[in-house]
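Notes follow the structure.
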Amino acid sequence: MTKASTASSHRDREHHLSLLKQMLRVRRFEEKCVELYSQQKIRGFLHLYIGEEAVCTGLMQAVSADDAMVATYREHGHALLRGIPMNAVLAEMYGKQEGCSGGRGGSMHLFDKATHFIGGNAIVGGGMPVAVGYALAAKLRKLKAISWCVFGEGAMAEGEFHESMNLAALWQLPVVFCCENNYYAMGTALDRSESETNLLKHAKSYRINAQSVDGMDVLATEAASHAAAKWVRAGKGPYFLEFQTYRFRAHSMFDPERYREKAEVHDREQHGPIKRYGEQLRELGILDDTGLNTLEAEIAQEIQNAVDFAEAGQLEPVASLSRFVYSEGAAS
Amino acid sequence: MATQEITYREAAREALRAALHNDERVFLMGEDVGRYGGPYAVSLGLLEEFGPDRIRDTPLSESAFVGAGIGAALGGMRPIVEIMTVNFSLLAADQIINTAATYLHMSGGQFNVPLVIRMATGAGFQLAAQHSHSLEGWYAHIPGLKIVTPATLEDVRGMLPTALADPDPVLIFEHLALYNRKGQLVEDAGPVDIDRARVRRQGTAVSLITYGNSLWKCIEAAEQLAGEGIDAEVVDLRSLRPLDDQTIMASVRKTRRAVIVDEGWRSGSLSAEIAARIHEQAFYELDAPVVRLCSEEVPIPYAKHLEEAALPQAEKIVRAVRELLGT
């Protein structure tokens, strides 16, 4: 595990606590979603990110304001940390018009133009060409923005993965391919899905620089993301990051989890990213019970506010059902 | 006004050239659009004129380059993606249907996709089942897309700029048989609308409702029928989504009879949609049930005589009209 720096400066301490808080914020939000799902406040598919928080937290540290991100249907964490207000994210799951997609997307389709958050794509691999295209636009327009393309290892069996990797490498486009390898494509384990389970070899076959990272170690994911971003921003072409992580909860709320042993999940939970990092910060004297309680209280308050906001939100009038099939007004 | 003799292919090229000149955000990408000069020579010479950044050859990765067109459109460009033929567009169906057509709605109006996709369509060249599809009617099923089918020089020249100015995805279907078609085009030809049908031949006895290359088969049939004293009107749909109900119904109300000619298959088709709309909107003004002339329900065969038999032809249209009129 990456050692936290000795945290000599105030800035370092703040940063460590901020990383912990971001992970906790995602964790507690997801836990609330489970509760709200069982109360039938949230419906449809719900894919939880619990266990994988160090990945989106680490990589988000390297994302700049102008960058675009294309994510998957397991994207609540990315959306929150990218800066979409929790109120708007939860209202979206409630199907309310105050939601970040106006209630038309739901859990799998969180969008936000202000932060260039281009979904929430629920077709495995489907967002990848879009991320490549955004990078093409950035390159042609000579912008500094880069494209962050988040996907699971299951997407690597899709043609769109291979087509996108090839195109990005061929055209040397500024894309960071972020593979969240949680070892199960829904219920299909990696070695039952890929003939070559060393995922870096897939990337390298396209002459794309690639690195594998302990995705349960937030400092490691942060450092790797910065390194990848530096490479891509320097105009050296795309970069591939494999974050080795693990999903502690079921694939979705409909998943009976017949495909893995409870002991395996239990074992991985013992080395969870928040637990590990919290212990590390305690050892360094950065975190104590009081500090943790403060963080938890702040997050709990934010979540309660979001629930109140979503509850109070309005349902869009059915009369406007057919809006947004085509643009309203002039060409943009 | 001065006109020039020009082919459909050249008119399509002029449209591309003008678009590339007028807006630096516009670029063309697709298979063999550059060095090869375009699979149908539409983009011949454009690489030399505009360079490889704007006339961009792609690998055979339909899904990736269509999706990249979507992403580039979201990133502020105005891409024109060329898919060699509609047959290959099936490899990009995910991007067209799941992404391009949905993002605006799924994002609550935040992310419109100003993307233009051009592709060749249709049969008639003995290319057999995998290279002879007419699936434009099938794409017209999808809310969020606009589907246009330029059949004339004016339209292939003028629909592209209008499509590029549109904030949403527009699919342009160019029938293979049209590329060599010659005619006169005014020298300053410019944008045309992409949502209205046009009456290409006025008539009183029957409305032939069609689009794409079948337009010319209908015109040929109408001329033959005129010799028999039957005055057929020909409606060129031009846009399959949206459908211009107003023009269709105005024609049918005038002639009281409709024959729909569509190179697509009959079942679950565009022709079925139009027939249903006529029945919904003009039933009491009809003198006879709507007739449909579509491709036979077989994969399009290679052998010339079988392929011809599978497709709507002028002669079949003439027969269908005679039967309808009881002459």
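By convention here, the chains of the structure tokens are called A, B, ... in the order presented, each chain's residues are numbered starting at 1, and ligands are numbered starting at 1 in the order presented.
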
Please identify all residues of chain B having at least one atom at most 10 Å from any atom of chain A, considering only C-alpha atoms, and return them as a PyMOL selection string. chain B and resi 24-25+27+53-54+58-79+91-92+94-95+98-114+143-146+164-169

Please return as a PyMOL selection string: the residues of region 123-231 of chain B that backbone DSSP assigns to alpha helix (DSSP H). chain B and resi 136-139+153-165+214-227

Take the residues just selected and output them with N, CA and C atoms as a CSV table (one decimal), in the first residue's frame.
```
chain,number,residue,atom,x,y,z
B,136,GLU,N,-33.6,2.6,-44.4
B,136,GLU,CA,-33.8,4.0,-43.9
B,136,GLU,C,-35.2,4.1,-43.2
B,137,GLY,N,-36.1,3.3,-43.7
B,137,GLY,CA,-37.5,3.3,-43.0
B,137,GLY,C,-37.4,2.7,-41.6
B,138,TRP,N,-36.5,1.8,-41.5
B,138,TRP,CA,-36.3,1.2,-40.2
B,138,TRP,C,-35.7,2.2,-39.2
B,139,TYR,N,-34.7,3.0,-39.7
B,139,TYR,CA,-34.2,4.1,-38.8
B,139,TYR,C,-35.2,5.2,-38.5
B,153,LEU,N,-30.8,16.4,-57.5
B,153,LEU,CA,-29.6,17.2,-57.4
B,153,LEU,C,-29.7,18.3,-56.4
B,154,GLU,N,-30.9,19.0,-56.5
B,154,GLU,CA,-31.1,20.1,-55.5
B,154,GLU,C,-31.0,19.6,-54.1
B,155,ASP,N,-31.6,18.5,-53.9
B,155,ASP,CA,-31.7,18.0,-52.5
B,155,ASP,C,-30.4,17.5,-52.0
B,156,VAL,N,-29.6,16.8,-52.8
B,156,VAL,CA,-28.3,16.3,-52.3
B,156,VAL,C,-27.4,17.4,-52.1
B,157,ARG,N,-27.5,18.5,-52.9
B,157,ARG,CA,-26.7,19.7,-52.7
B,157,ARG,C,-27.2,20.5,-51.5
B,158,GLY,N,-28.5,20.5,-51.3
B,158,GLY,CA,-29.1,21.4,-50.3
B,158,GLY,C,-29.4,20.9,-48.9
B,159,MET,N,-29.5,19.5,-48.9
B,159,MET,CA,-29.9,19.0,-47.6
B,159,MET,C,-28.8,19.0,-46.6
B,160,LEU,N,-27.5,18.8,-47.1
B,160,LEU,CA,-26.4,18.7,-46.2
B,160,LEU,C,-26.2,20.0,-45.3
B,161,PRO,N,-26.2,21.2,-45.9
B,161,PRO,CA,-26.0,22.4,-45.1
B,161,PRO,C,-27.1,22.5,-44.1
B,162,THR,N,-28.3,22.2,-44.4
B,162,THR,CA,-29.5,22.3,-43.5
B,162,THR,C,-29.3,21.3,-42.4
B,163,ALA,N,-28.8,20.1,-42.7
B,163,ALA,CA,-28.6,19.0,-41.7
B,163,ALA,C,-27.5,19.5,-40.7
B,164,LEU,N,-26.5,20.1,-41.3
B,164,LEU,CA,-25.4,20.6,-40.4
B,164,LEU,C,-25.8,21.7,-39.5
B,165,ALA,N,-26.7,22.5,-39.9
B,165,ALA,CA,-27.2,23.6,-39.1
B,165,ALA,C,-28.2,23.1,-38.0
B,214,SER,N,-36.6,5.3,-56.0
B,214,SER,CA,-37.9,4.9,-56.5
B,214,SER,C,-38.7,6.1,-57.0
B,215,LEU,N,-38.3,7.3,-56.7
B,215,LEU,CA,-38.9,8.5,-57.2
B,215,LEU,C,-38.8,8.5,-58.8
B,216,TRP,N,-37.7,8.1,-59.3
B,216,TRP,CA,-37.5,8.1,-60.7
B,216,TRP,C,-38.2,7.0,-61.4
B,217,LYS,N,-38.4,5.9,-60.7
B,217,LYS,CA,-39.2,4.8,-61.2
B,217,LYS,C,-40.7,5.3,-61.3
B,218,CYS,N,-41.1,6.0,-60.3
B,218,CYS,CA,-42.5,6.5,-60.3
B,218,CYS,C,-42.7,7.5,-61.4
B,219,ILE,N,-41.7,8.4,-61.6
B,219,ILE,CA,-41.8,9.4,-62.7
B,219,ILE,C,-42.0,8.7,-64.0
B,220,GLU,N,-41.1,7.7,-64.2
B,220,GLU,CA,-41.2,6.9,-65.4
B,220,GLU,C,-42.5,6.2,-65.6
B,221,ALA,N,-43.0,5.7,-64.5
B,221,ALA,CA,-44.3,5.0,-64.6
B,221,ALA,C,-45.4,6.0,-64.9
B,222,ALA,N,-45.3,7.2,-64.3
B,222,ALA,CA,-46.3,8.3,-64.5
B,222,ALA,C,-46.3,8.7,-65.9
B,223,GLU,N,-45.2,8.8,-66.5
B,223,GLU,CA,-45.1,9.2,-67.9
B,223,GLU,C,-45.8,8.2,-68.8
B,224,GLN,N,-45.5,6.9,-68.5
B,224,GLN,CA,-46.1,5.8,-69.3
B,224,GLN,C,-47.6,5.9,-69.1
B,225,LEU,N,-48.1,6.1,-67.9
B,225,LEU,CA,-49.5,6.1,-67.6
B,225,LEU,C,-50.2,7.3,-68.3
B,226,ALA,N,-49.4,8.4,-68.4
B,226,ALA,CA,-50.0,9.6,-69.1
B,226,ALA,C,-50.3,9.3,-70.5
B,227,GLY,N,-49.5,8.4,-71.1
B,227,GLY,CA,-49.8,8.0,-72.5
B,227,GLY,C,-51.1,7.2,-72.6
```

Coordinates-based distance that separates CA of Gly34 (chain B) from CA of Leu47 (chain B) (Å, one decimal):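 So the answer is 5.2 Å.
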
Got a sec: who's within 9 Å of region 36-51 of chain A, counting only C-alpha atoms, leaving out chain neighbours fewer than 5 positions off, as a VMD selection string? chain A and resid 26 to 28 30 to 31 73 to 77 90 93 to 95 106 to 108 216 245 to 254 268 to 269 272 to 274 311

What residues in region 91-323 of chain B get the DSSP label strand (DSSP E or B)? Please answer as number ranges by chain. B: 116-121, 146-148, 170-175, 182-186, 198-201, 206-210, 232-236, 239-241, 258-265, 291-295

Shell of 8 Å around Pro238 (chain A), only C-alpha atoms, local chain residues under 4 positions omitted, as a ChimeraX atom specification: /A:168-169,172-177,208-209,231-232

How far is it from CA of Asn180 (chain B) to CA of Ala15 (chain B), in Å with one decimal? 16.0 Å

Considering only C-alpha atoms, state which residue in the set B:Arg266, B:Glu31, B:Gln126, B:Glu49 is at the smallest distance from Glu82 (chain B).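 Counting only C-alpha atoms, the residue closest to Glu82 (chain B) is B:Glu31.
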
Excluding Leu20 (chain A) and any residue of its chain fewer than 6 positions from it, enumerate the residues within 10 Å of it, using only C-alpha atoms, and give them as a list in words.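 So, after excluding close chain neighbours, the residues are Glu14, Glu53, Ala54, Thr57, Val218, Pro273, Ile274, Lys275, Tyr277, Gly278, Leu281, Leu287, Leu292 and Leu295 of chain A.
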
Pick out the residues sitting within 9 Å of region 210-213 of chain A, and hand them over as a VMD selection string; count only C-alpha atoms, and ignore anything fewer than 3 positions along from it in its own chain. chain A and resid 199 to 201 203 to 204 207 216 to 217 220 to 221 224 228 239 to 245
